[in-house]
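Visitor: Contents of data-v4.pdb (PDB, C-alpha atoms and all ligand atoms) are below:
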```
ATOM      1  CA  MET Y 279     134.061 109.399 147.418  1.00  0.00           C
ATOM      2  CA  LYS Y 280     134.031 111.757 144.461  1.00  0.00           C
ATOM      3  CA  LEU Y 281     133.077 111.008 140.842  1.00  0.00           C
ATOM      4  CA  TYR Y 282     134.654 113.110 138.110  1.00  0.00           C
ATOM      5  CA  THR Y 283     131.770 113.180 135.680  1.00  0.00           C
ATOM      6  CA  GLY Y 284     130.181 115.271 132.921  1.00  0.00           C
ATOM      7  CA  ASP Y 285     126.491 115.589 132.033  1.00  0.00           C
ATOM      8  CA  LEU Y 286     126.896 114.565 128.386  1.00  0.00           C
ATOM      9  CA  SER Y 287     129.605 111.921 128.871  1.00  0.00           C
ATOM     10  CA  PRO Y 288     127.859 108.565 128.252  1.00  0.00           C
ATOM     11  CA  TYR Y 289     130.481 106.633 130.213  1.00  0.00           C
ATOM     12  CA  SER Y 290     129.893 108.980 133.171  1.00  0.00           C
ATOM     13  CA  ALA Y 291     126.097 108.788 132.754  1.00  0.00           C
ATOM     14  CA  LYS Y 292     126.366 104.999 132.937  1.00  0.00           C
ATOM     15  CA  VAL Y 293     128.027 105.204 136.369  1.00  0.00           C
ATOM     16  CA  ARG Y 294     125.603 107.890 137.575  1.00  0.00           C
ATOM     17  CA  MET Y 295     122.622 105.720 136.578  1.00  0.00           C
ATOM     18  CA  GLN Y 296     124.076 102.862 138.612  1.00  0.00           C
ATOM     19  CA  ILE Y 297     124.684 105.169 141.592  1.00  0.00           C
ATOM     20  CA  TYR Y 298     121.083 106.422 141.458  1.00  0.00           C
ATOM     21  CA  ALA Y 299     119.636 102.942 141.015  1.00  0.00           C
ATOM     22  CA  MET Y 300     121.702 101.511 143.886  1.00  0.00           C
ATOM     23  CA  GLY Y 301     120.677 104.407 146.122  1.00  0.00           C
ATOM     24  CA  ILE Y 302     124.294 105.383 146.887  1.00  0.00           C
ATOM     25  CA  THR Y 303     124.227 108.872 148.353  1.00  0.00           C
ATOM     26  CA  ASP Y 304     127.765 109.557 149.547  1.00  0.00           C
ATOM     27  CA  ILE Y 305     129.414 110.184 146.163  1.00  0.00           C
ATOM     28  CA  GLU Y 306     130.000 113.823 145.252  1.00  0.00           C
ATOM     29  CA  PHE Y 307     129.945 114.749 141.532  1.00  0.00           C
ATOM     30  CA  GLU Y 308     132.464 117.156 140.027  1.00  0.00           C
ATOM     31  CA  LEU Y 309     133.947 118.074 136.664  1.00  0.00           C
ATOM     32  CA  PRO Y 310     137.398 119.515 137.411  1.00  0.00           C
ATOM     33  CA  PRO Y 311     138.808 122.355 135.205  1.00  0.00           C
ATOM     34  CA  SER Y 312     141.894 120.145 134.658  1.00  0.00           C
ATOM     35  CA  PHE Y 313     139.696 117.982 132.371  1.00  0.00           C
ATOM     36  CA  PHE Y 314     139.074 120.921 130.007  1.00  0.00           C
ATOM     37  CA  MET Y 315     142.725 121.938 130.181  1.00  0.00           C
ATOM     38  CA  GLY Y 316     143.876 118.499 129.030  1.00  0.00           C
ATOM     39  CA  LYS Y 317     145.467 117.949 132.425  1.00  0.00           C
ATOM     40  CA  LEU Y 318     143.221 115.280 133.916  1.00  0.00           C
ATOM     41  CA  SER Y 319     146.036 112.783 133.283  1.00  0.00           C
ATOM     42  CA  GLU Y 320     147.865 114.432 136.208  1.00  0.00           C
ATOM     43  CA  VAL Y 321     145.100 112.985 138.406  1.00  0.00           C
ATOM     44  CA  SER Y 322     144.199 109.863 136.417  1.00  0.00           C
ATOM     45  CA  PRO Y 323     146.777 108.586 133.863  1.00  0.00           C
ATOM     46  CA  LEU Y 324     144.128 107.676 131.265  1.00  0.00           C
ATOM     47  CA  GLY Y 325     142.932 111.317 131.292  1.00  0.00           C
ATOM     48  CA  ARG Y 326     139.299 110.390 130.675  1.00  0.00           C
ATOM     49  CA  ILE Y 327     136.084 110.656 132.679  1.00  0.00           C
ATOM     50  CA  PRO Y 328     134.555 109.060 134.657  1.00  0.00           C
ATOM     51  CA  VAL Y 329     137.092 108.716 137.458  1.00  0.00           C
ATOM     52  CA  LEU Y 330     136.148 107.684 140.987  1.00  0.00           C
ATOM     53  CA  GLU Y 331     138.276 109.265 143.696  1.00  0.00           C
ATOM     54  CA  VAL Y 332     138.518 106.978 146.717  1.00  0.00           C
ATOM     55  CA  ALA Y 333     140.387 107.288 150.025  1.00  0.00           C
ATOM     56  CA  ASP Y 334     143.654 105.873 148.692  1.00  0.00           C
ATOM     57  CA  GLY Y 335     143.687 106.952 145.058  1.00  0.00           C
ATOM     58  CA  VAL Y 336     141.636 106.955 141.876  1.00  0.00           C
ATOM     59  CA  ILE Y 337     139.699 104.330 139.895  1.00  0.00           C
ATOM     60  CA  PRO Y 338     139.243 105.112 136.175  1.00  0.00           C
ATOM     61  CA  GLU Y 339     137.179 103.309 133.475  1.00  0.00           C
ATOM     62  CA  SER Y 340     133.400 103.164 133.755  1.00  0.00           C
ATOM     63  CA  GLU Y 341     133.198  99.367 133.750  1.00  0.00           C
ATOM     64  CA  VAL Y 342     135.840  99.071 136.495  1.00  0.00           C
ATOM     65  CA  ILE Y 343     134.067 101.716 138.601  1.00  0.00           C
ATOM     66  CA  ALA Y 344     130.741  99.942 138.014  1.00  0.00           C
ATOM     67  CA  GLU Y 345     132.148  96.619 139.221  1.00  0.00           C
ATOM     68  CA  TYR Y 346     133.813  98.336 142.196  1.00  0.00           C
ATOM     69  CA  LEU Y 347     130.480  99.838 143.299  1.00  0.00           C
ATOM     70  CA  ASP Y 348     128.834  96.435 142.993  1.00  0.00           C
ATOM     71  CA  ASP Y 349     131.635  94.875 145.070  1.00  0.00           C
ATOM     72  CA  LEU Y 350     131.331  97.649 147.645  1.00  0.00           C
ATOM     73  CA  TYR Y 351     127.592  97.172 148.113  1.00  0.00           C
ATOM     74  CA  PRO Y 352     126.961  93.489 147.194  1.00  0.00           C
ATOM     75  CA  GLU Y 353     123.491  93.551 148.744  1.00  0.00           C
ATOM     76  CA  ARG Y 354     122.478  96.226 146.181  1.00  0.00           C
ATOM     77  CA  SER Y 355     124.479  94.788 143.271  1.00  0.00           C
ATOM     78  CA  LEU Y 356     123.083  95.389 139.780  1.00  0.00           C
ATOM     79  CA  SER Y 357     125.068  92.578 138.148  1.00  0.00           C
ATOM     80  CA  GLY Y 358     122.366  89.904 138.157  1.00  0.00           C
ATOM     81  CA  ALA Y 359     121.560  87.000 140.456  1.00  0.00           C
ATOM     82  CA  THR Y 360     123.009  83.953 138.684  1.00  0.00           C
ATOM     83  CA  PRO Y 361     126.229  83.291 136.729  1.00  0.00           C
ATOM     84  CA  ARG Y 362     124.208  83.040 133.483  1.00  0.00           C
ATOM     85  CA  VAL Y 363     122.401  86.336 134.062  1.00  0.00           C
ATOM     86  CA  ARG Y 364     125.692  87.985 135.034  1.00  0.00           C
ATOM     87  CA  ALA Y 365     127.238  86.771 131.758  1.00  0.00           C
ATOM     88  CA  ASP Y 366     124.334  88.338 129.819  1.00  0.00           C
ATOM     89  CA  VAL Y 367     124.666  91.600 131.755  1.00  0.00           C
ATOM     90  CA  ARG Y 368     128.408  91.771 130.994  1.00  0.00           C
ATOM     91  CA  LEU Y 369     127.787  90.946 127.351  1.00  0.00           C
ATOM     92  CA  ILE Y 370     125.200  93.697 126.792  1.00  0.00           C
ATOM     93  CA  SER Y 371     127.414  96.157 128.644  1.00  0.00           C
ATOM     94  CA  ARG Y 372     130.398  95.217 126.433  1.00  0.00           C
ATOM     95  CA  ILE Y 373     128.349  95.533 123.250  1.00  0.00           C
ATOM     96  CA  ALA Y 374     127.244  99.016 124.322  1.00  0.00           C
ATOM     97  CA  ASP Y 375     130.762 100.113 125.359  1.00  0.00           C
ATOM     98  CA  ILE Y 376     132.933  98.542 122.689  1.00  0.00           C
ATOM     99  CA  TYR Y 377     130.798  98.105 119.592  1.00  0.00           C
ATOM    100  CA  LEU Y 378     128.402 101.055 119.952  1.00  0.00           C
ATOM    101  CA  LEU Y 379     129.958 103.845 122.007  1.00  0.00           C
ATOM    102  CA  ASN Y 380     133.556 103.396 120.904  1.00  0.00           C
ATOM    103  CA  ASN Y 381     132.637 103.491 117.211  1.00  0.00           C
ATOM    104  CA  ILE Y 382     130.248 106.419 117.706  1.00  0.00           C
ATOM    105  CA  PHE Y 383     133.042 108.385 119.396  1.00  0.00           C
ATOM    106  CA  MET Y 384     135.438 107.559 116.557  1.00  0.00           C
ATOM    107  CA  VAL Y 385     132.995 108.874 113.953  1.00  0.00           C
ATOM    108  CA  LEU Y 386     132.046 112.101 115.775  1.00  0.00           C
ATOM    109  CA  PRO Y 387     134.733 114.232 113.995  1.00  0.00           C
ATOM    110  CA  GLN Y 388     132.823 113.431 110.764  1.00  0.00           C
ATOM    111  CA  LEU Y 389     129.784 115.416 111.965  1.00  0.00           C
ATOM    112  CA  ASN Y 390     131.248 118.468 110.275  1.00  0.00           C
ATOM    113  CA  ARG Y 391     130.029 118.278 106.663  1.00  0.00           C
ATOM    114  CA  LYS Y 392     132.757 120.623 105.424  1.00  0.00           C
ATOM    115  CA  THR Y 393     135.614 118.382 106.572  1.00  0.00           C
ATOM    116  CA  ARG Y 394     133.811 115.015 106.453  1.00  0.00           C
ATOM    117  CA  VAL Y 395     135.454 112.077 104.712  1.00  0.00           C
ATOM    118  CA  ASP Y 396     132.558 109.857 103.622  1.00  0.00           C
ATOM    119  CA  ALA Y 397     134.668 106.682 103.637  1.00  0.00           C
ATOM    120  CA  ILE Y 398     135.591 107.236 107.314  1.00  0.00           C
ATOM    121  CA  ARG Y 399     131.965 107.983 108.186  1.00  0.00           C
ATOM    122  CA  ASP Y 400     130.813 104.842 106.372  1.00  0.00           C
ATOM    123  CA  LEU Y 401     133.461 102.652 108.022  1.00  0.00           C
ATOM    124  CA  PHE Y 402     132.408 103.538 111.573  1.00  0.00           C
ATOM    125  CA  VAL Y 403     128.663 103.685 110.887  1.00  0.00           C
ATOM    126  CA  ALA Y 404     128.928 100.144 109.465  1.00  0.00           C
ATOM    127  CA  GLN Y 405     130.557  99.058 112.740  1.00  0.00           C
ATOM    128  CA  VAL Y 406     127.816 100.717 114.830  1.00  0.00           C
ATOM    129  CA  THR Y 407     125.171  99.045 112.646  1.00  0.00           C
ATOM    130  CA  ARG Y 408     126.878  95.678 113.054  1.00  0.00           C
ATOM    131  CA  GLY Y 409     127.009  96.140 116.844  1.00  0.00           C
ATOM    132  CA  MET Y 410     123.342  97.141 116.875  1.00  0.00           C
ATOM    133  CA  GLY Y 411     122.503  93.970 114.927  1.00  0.00           C
ATOM    134  CA  ALA Y 412     124.281  91.852 117.549  1.00  0.00           C
ATOM    135  CA  LEU Y 413     122.490  93.738 120.319  1.00  0.00           C
ATOM    136  CA  GLU Y 414     119.164  93.006 118.618  1.00  0.00           C
ATOM    137  CA  ARG Y 415     119.890  89.284 118.925  1.00  0.00           C
ATOM    138  CA  HIS Y 416     121.144  89.347 122.509  1.00  0.00           C
ATOM    139  CA  ILE Y 417     118.811  91.854 124.206  1.00  0.00           C
ATOM    140  CA  GLY Y 418     115.860  90.550 126.249  1.00  0.00           C
ATOM    141  CA  ASP Y 419     112.219  90.823 125.194  1.00  0.00           C
ATOM    142  CA  GLY Y 420     110.939  92.696 128.213  1.00  0.00           C
ATOM    143  CA  GLU Y 421     111.191  96.087 129.813  1.00  0.00           C
ATOM    144  CA  PHE Y 422     114.864  95.627 130.780  1.00  0.00           C
ATOM    145  CA  ALA Y 423     117.934  94.657 128.739  1.00  0.00           C
ATOM    146  CA  VAL Y 424     118.416  91.416 130.696  1.00  0.00           C
ATOM    147  CA  GLY Y 425     115.758  89.596 132.736  1.00  0.00           C
ATOM    148  CA  ASP Y 426     112.973  91.394 134.543  1.00  0.00           C
ATOM    149  CA  SER Y 427     114.828  93.954 136.629  1.00  0.00           C
ATOM    150  CA  LEU Y 428     117.250  96.815 136.122  1.00  0.00           C
ATOM    151  CA  THR Y 429     120.901  95.744 135.803  1.00  0.00           C
ATOM    152  CA  ARG Y 430     124.215  97.282 134.822  1.00  0.00           C
ATOM    153  CA  ALA Y 431     123.335  96.290 131.239  1.00  0.00           C
ATOM    154  CA  ASP Y 432     120.649  99.021 131.275  1.00  0.00           C
ATOM    155  CA  CYS Y 433     123.042 101.510 132.864  1.00  0.00           C
ATOM    156  CA  THR Y 434     125.469 101.111 129.925  1.00  0.00           C
ATOM    157  CA  LEU Y 435     122.895 100.752 127.190  1.00  0.00           C
ATOM    158  CA  VAL Y 436     120.695 103.760 127.959  1.00  0.00           C
ATOM    159  CA  PRO Y 437     123.461 106.380 127.473  1.00  0.00           C
ATOM    160  CA  ALA Y 438     124.767 104.507 124.408  1.00  0.00           C
ATOM    161  CA  LEU Y 439     121.341 104.523 122.727  1.00  0.00           C
ATOM    162  CA  PHE Y 440     120.885 108.214 123.598  1.00  0.00           C
ATOM    163  CA  LEU Y 441     124.201 109.077 121.941  1.00  0.00           C
ATOM    164  CA  CYS Y 442     123.387 106.923 118.921  1.00  0.00           C
ATOM    165  CA  GLU Y 443     119.966 108.504 118.420  1.00  0.00           C
ATOM    166  CA  LYS Y 444     121.200 112.069 118.891  1.00  0.00           C
ATOM    167  CA  THR Y 445     124.404 111.930 116.847  1.00  0.00           C
ATOM    168  CA  VAL Y 446     124.315 109.277 114.098  1.00  0.00           C
ATOM    169  CA  PRO Y 447     121.498 110.974 112.084  1.00  0.00           C
ATOM    170  CA  ARG Y 448     123.608 114.170 112.099  1.00  0.00           C
ATOM    171  CA  LEU Y 449     126.069 112.221 109.928  1.00  0.00           C
ATOM    172  CA  ASP Y 450     123.342 112.154 107.235  1.00  0.00           C
ATOM    173  CA  VAL Y 451     122.696 108.430 107.650  1.00  0.00           C
ATOM    174  CA  ASP Y 452     119.793 106.602 109.284  1.00  0.00           C
ATOM    175  CA  ASP Y 453     119.755 105.978 113.017  1.00  0.00           C
ATOM    176  CA  PRO Y 454     120.611 102.224 113.268  1.00  0.00           C
ATOM    177  CA  ILE Y 455     118.075 101.832 116.110  1.00  0.00           C
ATOM    178  CA  LEU Y 456     115.318 102.318 113.520  1.00  0.00           C
ATOM    179  CA  ALA Y 457     116.305  99.086 111.731  1.00  0.00           C
ATOM    180  CA  THR Y 458     115.738  97.037 114.914  1.00  0.00           C
ATOM    181  CA  GLU Y 459     112.606  95.695 116.580  1.00  0.00           C
ATOM    182  CA  LYS Y 460     113.618  94.517 120.038  1.00  0.00           C
ATOM    183  CA  VAL Y 461     116.151  97.308 120.640  1.00  0.00           C
ATOM    184  CA  ALA Y 462     113.680  99.938 119.400  1.00  0.00           C
ATOM    185  CA  GLY Y 463     110.945  98.527 121.663  1.00  0.00           C
ATOM    186  CA  TYR Y 464     113.306  98.415 124.629  1.00  0.00           C
ATOM    187  CA  TRP Y 465     114.499 101.975 123.946  1.00  0.00           C
ATOM    188  CA  GLU Y 466     110.957 103.323 123.890  1.00  0.00           C
ATOM    189  CA  LYS Y 467     110.035 101.607 127.182  1.00  0.00           C
ATOM    190  CA  ILE Y 468     113.224 102.123 129.205  1.00  0.00           C
ATOM    191  CA  GLN Y 469     113.090 105.910 128.775  1.00  0.00           C
ATOM    192  CA  SER Y 470     110.249 106.086 131.295  1.00  0.00           C
ATOM    193  CA  ASN Y 471     112.242 104.195 133.921  1.00  0.00           C
ATOM    194  CA  GLU Y 472     112.972 106.531 136.856  1.00  0.00           C
ATOM    195  CA  PHE Y 473     116.783 106.171 136.734  1.00  0.00           C
ATOM    196  CA  ALA Y 474     117.053 106.108 132.956  1.00  0.00           C
ATOM    197  CA  SER Y 475     114.938 109.227 132.682  1.00  0.00           C
ATOM    198  CA  LYS Y 476     117.121 111.033 135.255  1.00  0.00           C
ATOM    199  CA  ILE Y 477     120.366 110.501 133.324  1.00  0.00           C
ATOM    200  CA  LEU Y 478     118.665 111.127 129.978  1.00  0.00           C
ATOM    201  CA  ASP Y 479     117.597 114.541 131.299  1.00  0.00           C
ATOM    202  CA  GLU Y 480     121.177 115.182 132.432  1.00  0.00           C
ATOM    203  CA  MET Y 481     122.580 114.129 129.051  1.00  0.00           C
ATOM    204  CA  ALA Y 482     120.023 116.295 127.233  1.00  0.00           C
ATOM    205  CA  ARG Y 483     121.063 119.219 129.457  1.00  0.00           C
ATOM    206  CA  GLY Y 484     124.717 118.524 128.559  1.00  0.00           C
ATOM    207  CA  MET Y 485     123.924 118.367 124.852  1.00  0.00           C
ATOM    208  CA  GLN Y 486     121.945 121.604 125.031  1.00  0.00           C
ATOM    209  CA  ALA Y 487     124.868 123.307 126.806  1.00  0.00           C
ATOM    210  CA  ARG Y 488     127.255 122.077 124.117  1.00  0.00           C
ATOM    211  CA  LEU Y 489     125.055 123.222 121.251  1.00  0.00           C
ATOM    212  CA  ASP Y 490     124.087 126.641 122.657  1.00  0.00           C
ATOM    213  CA  GLY Y 491     127.602 127.620 123.769  1.00  0.00           C
ATOM    214  CA  THR Y 492     126.865 127.520 127.537  1.00  0.00           C
ATOM    215  CA  GLU Y 493     129.383 124.709 127.974  1.00  0.00           C
ATOM    216  CA  ARG Y 494     132.120 126.705 126.232  1.00  0.00           C
ATOM    217  CA  LYS Y 495     131.442 129.717 128.505  1.00  0.00           C
ATOM    218  CA  PHE Y 496     131.509 127.477 131.589  1.00  0.00           C
ATOM    219  CA  ILE Y 497     134.825 125.947 130.479  1.00  0.00           C
ATOM    220  CA  GLU Y 498     136.399 129.345 129.809  1.00  0.00           C
ATOM    221  CA  ALA Y 499     135.279 130.658 133.209  1.00  0.00           C
ATOM    222  CA  ALA Y 500     136.531 127.514 134.992  1.00  0.00           C
ATOM    223  CA  ILE Y 501     139.914 127.717 133.271  1.00  0.00           C
ATOM    224  CA  ALA Y 502     140.230 131.454 134.043  1.00  0.00           C
ATOM    225  CA  LYS Y 503     139.411 130.806 137.716  1.00  0.00           C
ATOM    226  CA  GLU Y 504     141.933 127.950 137.867  1.00  0.00           C
ATOM    227  CA  LYS Y 505     144.635 130.194 136.363  1.00  0.00           C
ATOM    228  CA  GLU Y 506     143.838 133.024 138.812  1.00  0.00           C
ATOM    229  CA  GLY Y 507     144.192 130.563 141.695  1.00  0.00           C
ATOM    230  CA  GLY Y 508     147.564 129.454 140.331  1.00  0.00           C
ATOM    231  CA  ASN Y 509     148.941 133.043 140.230  1.00  0.00           C
TER     232      ASN Y 509
HETATM  233  N1  LIG Y 601     136.724 103.395 128.268  1.00  0.00           N
HETATM  234  C1  LIG Y 601     136.481 104.599 129.022  1.00  0.00           C
HETATM  235  C2  LIG Y 601     136.099 105.707 128.063  1.00  0.00           C
HETATM  236  C3  LIG Y 601     135.983 107.067 128.784  1.00  0.00           C
HETATM  237  C4  LIG Y 601     135.963 108.217 127.785  1.00  0.00           C
HETATM  238  O1  LIG Y 601     136.397 108.127 126.638  1.00  0.00           O
HETATM  239  N2  LIG Y 601     135.452 109.343 128.276  1.00  0.00           N
HETATM  240  C5  LIG Y 601     135.401 110.541 127.441  1.00  0.00           C
HETATM  241  C6  LIG Y 601     134.180 111.363 127.807  1.00  0.00           C
HETATM  242  S1  LIG Y 601     132.699 110.475 127.497  1.00  0.00           S
HETATM  243  C7  LIG Y 601     136.632 111.387 127.727  1.00  0.00           C
HETATM  244  O2  LIG Y 601     136.989 111.577 128.876  1.00  0.00           O
HETATM  245  N3  LIG Y 601     137.269 111.913 126.690  1.00  0.00           N
HETATM  246  C8  LIG Y 601     138.399 112.777 126.855  1.00  0.00           C
HETATM  247  C9  LIG Y 601     139.519 112.405 125.966  1.00  0.00           C
HETATM  248  O3  LIG Y 601     139.381 111.523 125.113  1.00  0.00           O
HETATM  249  O4  LIG Y 601     140.580 113.036 126.122  1.00  0.00           O
HETATM  250  C10 LIG Y 601     135.403 104.336 130.087  1.00  0.00           C
HETATM  251  O5  LIG Y 601     134.643 103.364 129.938  1.00  0.00           O
HETATM  252  O6  LIG Y 601     135.348 105.072 131.089  1.00  0.00           O
END
```
Let's see the structure in the file written out as C-alpha cells.

Guide:
Amino acid sequence: MKLYTGDLSPYSAKVRMQIYAMGITDIEFELPPSFFMGKLSEVSPLGRIPVLEVADGVIPESEVIAEYLDDLYPERSLSGATPRVRADVRLISRIADIYLLNNIFMVLPQLNRKTRVDAIRDLFVAQVTRGMGALERHIGDGEFAVGDSLTRADCTLVPALFLCEKTVPRLDVDDPILATEKVAGYWEKIQSNEFASKILDEMARGMQARLDGTERKFIEAAIAKEKEGGN
C-alpha cells in the first residue's frame, strides 16, 4: 500500500500517527508532483491528501483511511474496546476534524495582514474557540484523549492542536488552547508520547520547509522533473 501524504498536512499526520502506533510497516509514503500541480484529482477525485493507494484503487479521506486500517488489523485497532469508548473516540476525532481543523483551514488566508478581513478572521476564530470549548468538556482527564491508552482520538487531536497553536496566534488573536485547562494539560503531556512526538517533528519539519522556502524549491524541482518526463 502507498499513502499520499505531506509532512505538514494535519490530516495526513493523523493517519501516519495511527500507522506508527499500530506498527504497520508495509505502507510506503509519497507526495506525488501531481498534488502540487493541482492534478491529484486525476488519481483521487477529491484531490486532497491523504489518499491510501490499495491493490484495487484509492481510499481518500483521513477518517475513512483510519477506519480502513482498523478494519484491516482488528487485533491492533485503535478505536477503543467498548461501544461507549468507541463513541467517545469518534466524537473527539470529529471535533478535531470538523470544528477545529476545518475552521482553521478556512481562516488561513487571513494570515496575511495586508489582505486580512477582520470580520472573516473573527468569524472562523469564534468557531475554533467554540469547538475548543466543546473539546474541553468532552476530553478525558488523563494522559490520553479518551481512556487510559492511545486511540484514534489522539491521532486526530495531536495534529489539530499543533496547527492551532502554530497558526491561530499569527492571526493576532490568542491561541484558544490557552483558555482551556484539560485540553492544555493534555496537550502538554501528549507531546512526549512516542508516536505524537514523531509526527510533531514531521509537522515541524514541514512548517520549517514552508517558511524557509525549501518546500517551494522542492515543488518547483518536482514539477520540472515531471514535465521533463512527459516530454
Ligand atoms: N476531509 C479531508 C481533508 C483533507 C485536506 O483538506 N487535505 C489538505 C491538506 S492538509 C489538502 O489536500 N488540500 C488541498 C486542496 O484543498 O486542494 C480528510 O480528512 O482527509

Visitor: Set the distance at 12 Å and use only C-alpha atoms: which residues neighbour Gly316 of chain Y once local chain neighbours fewer than 6 positions away are removed? I'd like the list as a list in words.

Guide: Pro310, Ser322, Pro323, Leu324, Gly325, Arg326, Ile327, Ile497 and Ile501 of chain Y

Visitor: Restrict the selected residues to C-alpha atoms and save them as an mmCIF file, in the coordinates of the input.

Guide:
```cif
data_model
loop_
_atom_site.group_PDB
_atom_site.id
_atom_site.type_symbol
_atom_site.label_atom_id
_atom_site.label_comp_id
_atom_site.auth_asym_id
_atom_site.auth_seq_id
_atom_site.Cartn_x
_atom_site.Cartn_y
_atom_site.Cartn_z
ATOM 1 C CA PRO Y 310 137.398 119.515 137.411
ATOM 2 C CA SER Y 322 144.199 109.863 136.417
ATOM 3 C CA PRO Y 323 146.777 108.586 133.863
ATOM 4 C CA LEU Y 324 144.128 107.676 131.265
ATOM 5 C CA GLY Y 325 142.932 111.317 131.292
ATOM 6 C CA ARG Y 326 139.299 110.390 130.675
ATOM 7 C CA ILE Y 327 136.084 110.656 132.679
ATOM 8 C CA ILE Y 497 134.825 125.947 130.479
ATOM 9 C CA ILE Y 501 139.914 127.717 133.271
#
```

Visitor: Residues within 6 Å of ligand LIG 601 (chain Y) (all atoms listed in the file), as number ranges by chain?

Guide: Y: 287-289, 325-328, 339-341

Visitor: List as a ChimeraX atom specification the protein and nucleic acid residues near Asp396 of chain Y, meaning an atom at most 12 Å away when all atoms listed in the file are counted, but skip any in the same chain fewer than 6 places from it.

Guide: /Y:385,387-390,402-404,449-451

Visitor: Name the residues captured by the PyMOL selection byres (((chain Y and resi 335) around 12) and not hetatm) when it is applied to the shown file; answer as a VMD selection string.

Guide: chain Y and resid 279 to 280 321 to 323 329 to 334 336 to 338

Visitor: Which residues, named as in the file, does the PyMOL selection byres (((chain Y and resi 433) around 12) and not hetatm) pick out? Answer as number ranges by chain.

Guide: Y: 288-300, 340-341, 344, 356-357, 367-368, 370-372, 374-375, 422-424, 427-432, 434-440, 468-469, 471-478

Visitor: With all atoms listed in the file as the atoms that count, which of Y:Asp419, Y:Arg494, Y:Gly284, Y:Arg399 lies nearest to Phe313 of chain Y?

Guide: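 Looking only at the distances to Phe313 of chain Y, the closest residue turns out to be Y:Gly284.
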
Visitor: So, with all atoms listed in the file as the atoms that count, which of Y:Arg483, Y:Pro454, Y:Pro352, Y:Pro361 lies closest to Ile382 of chain Y?

Guide: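 Once distances to Ile382 of chain Y are computed over all atoms listed in the file, the minimum belongs to Y:Pro454.
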
Visitor: Can you work out which one of Y:Phe314, Y:Glu466, Y:Asp348, Y:Ala359 has the shortest atom-to-atom distance to Glu443 of chain Y, counting only C-alpha atoms?

Guide: Y:Glu466

Visitor: How many Å separate atom CA of Ser470 of chain Y from atom CA of Val406 of chain Y?

Guide: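 Going from atom CA of Ser470 of chain Y over to atom CA of Val406 of chain Y, I get 24.7 Å.
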
Visitor: What is the atom CA of Ile376 of chain Y to atom CA of Arg362 of chain Y distance in Å?

Guide: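 Separation between atom CA of Ile376 of chain Y and atom CA of Arg362 of chain Y: 20.8 Å.
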
Visitor: Pick out the residues sitting within 7 Å of Ala500 of chain Y, and hand them over as a list in words; count all atoms listed in the file, and ignore anything fewer than 4 positions along from it in its own chain.

Guide: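 These residues fall inside the cut-off: Pro311, Phe496 and Glu504 of chain Y.
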
Visitor: Any idea what's packed within 9 Å of Glu306 of chain Y, counting all atoms listed in the file, ignoring anything in its chain fewer than 2 positions away? Could you give it as a CSV table (one decimal) with C-alpha atoms, in the coordinates of the input?

Guide:
```csv
chain,number,residue,atom,x,y,z
Y,279,MET,CA,134.1,109.4,147.4
Y,280,LYS,CA,134.0,111.8,144.5
Y,281,LEU,CA,133.1,111.0,140.8
Y,282,TYR,CA,134.7,113.1,138.1
Y,303,THR,CA,124.2,108.9,148.4
Y,304,ASP,CA,127.8,109.6,149.5
Y,308,GLU,CA,132.5,117.2,140.0
```

Visitor: State, in Å with one decimal place, the distance from atom CA of Thr492 of chain Y to atom CA of Asp285 of chain Y.

Guide: 12.8 Å

Visitor: Would you compute, for all listed atoms of segment 429-444 of chain Y, the axis-aligned bounding box grown by 5 Å on each side, and then report its centre and edge lengths in Å rounded to one decimal, as JSON?

Guide:
```
{"center_x": 122.7, "center_y": 103.9, "center_z": 127.1, "size_x": 15.5, "size_y": 26.3, "size_z": 27.4}
```

Visitor: Would you mind telling me which residue in Y:Lys505, Y:Gly418, Y:Gly484, Y:Arg448 lies nearest to Ala462 of chain Y when using all atoms listed in the file?

Guide: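 Closest to Ala462 of chain Y of all the choices is Y:Gly418.
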
Visitor: Looking at all atoms listed in the file, which of Y:Glu459, Y:Glu498, Y:Asp426, Y:Glu320 is the one that sits closest to Gly411 of chain Y?

Guide: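 Among the listed residues, the smallest separation from Gly411 of chain Y belongs to Y:Glu459.
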
Visitor: Point out the residue among Y:Thr445, Y:Thr393, Y:Thr458, Y:Asn380 with the least atom-to-atom distance to Glu414 of chain Y, counting all atoms listed in the file.

Guide: Y:Thr458
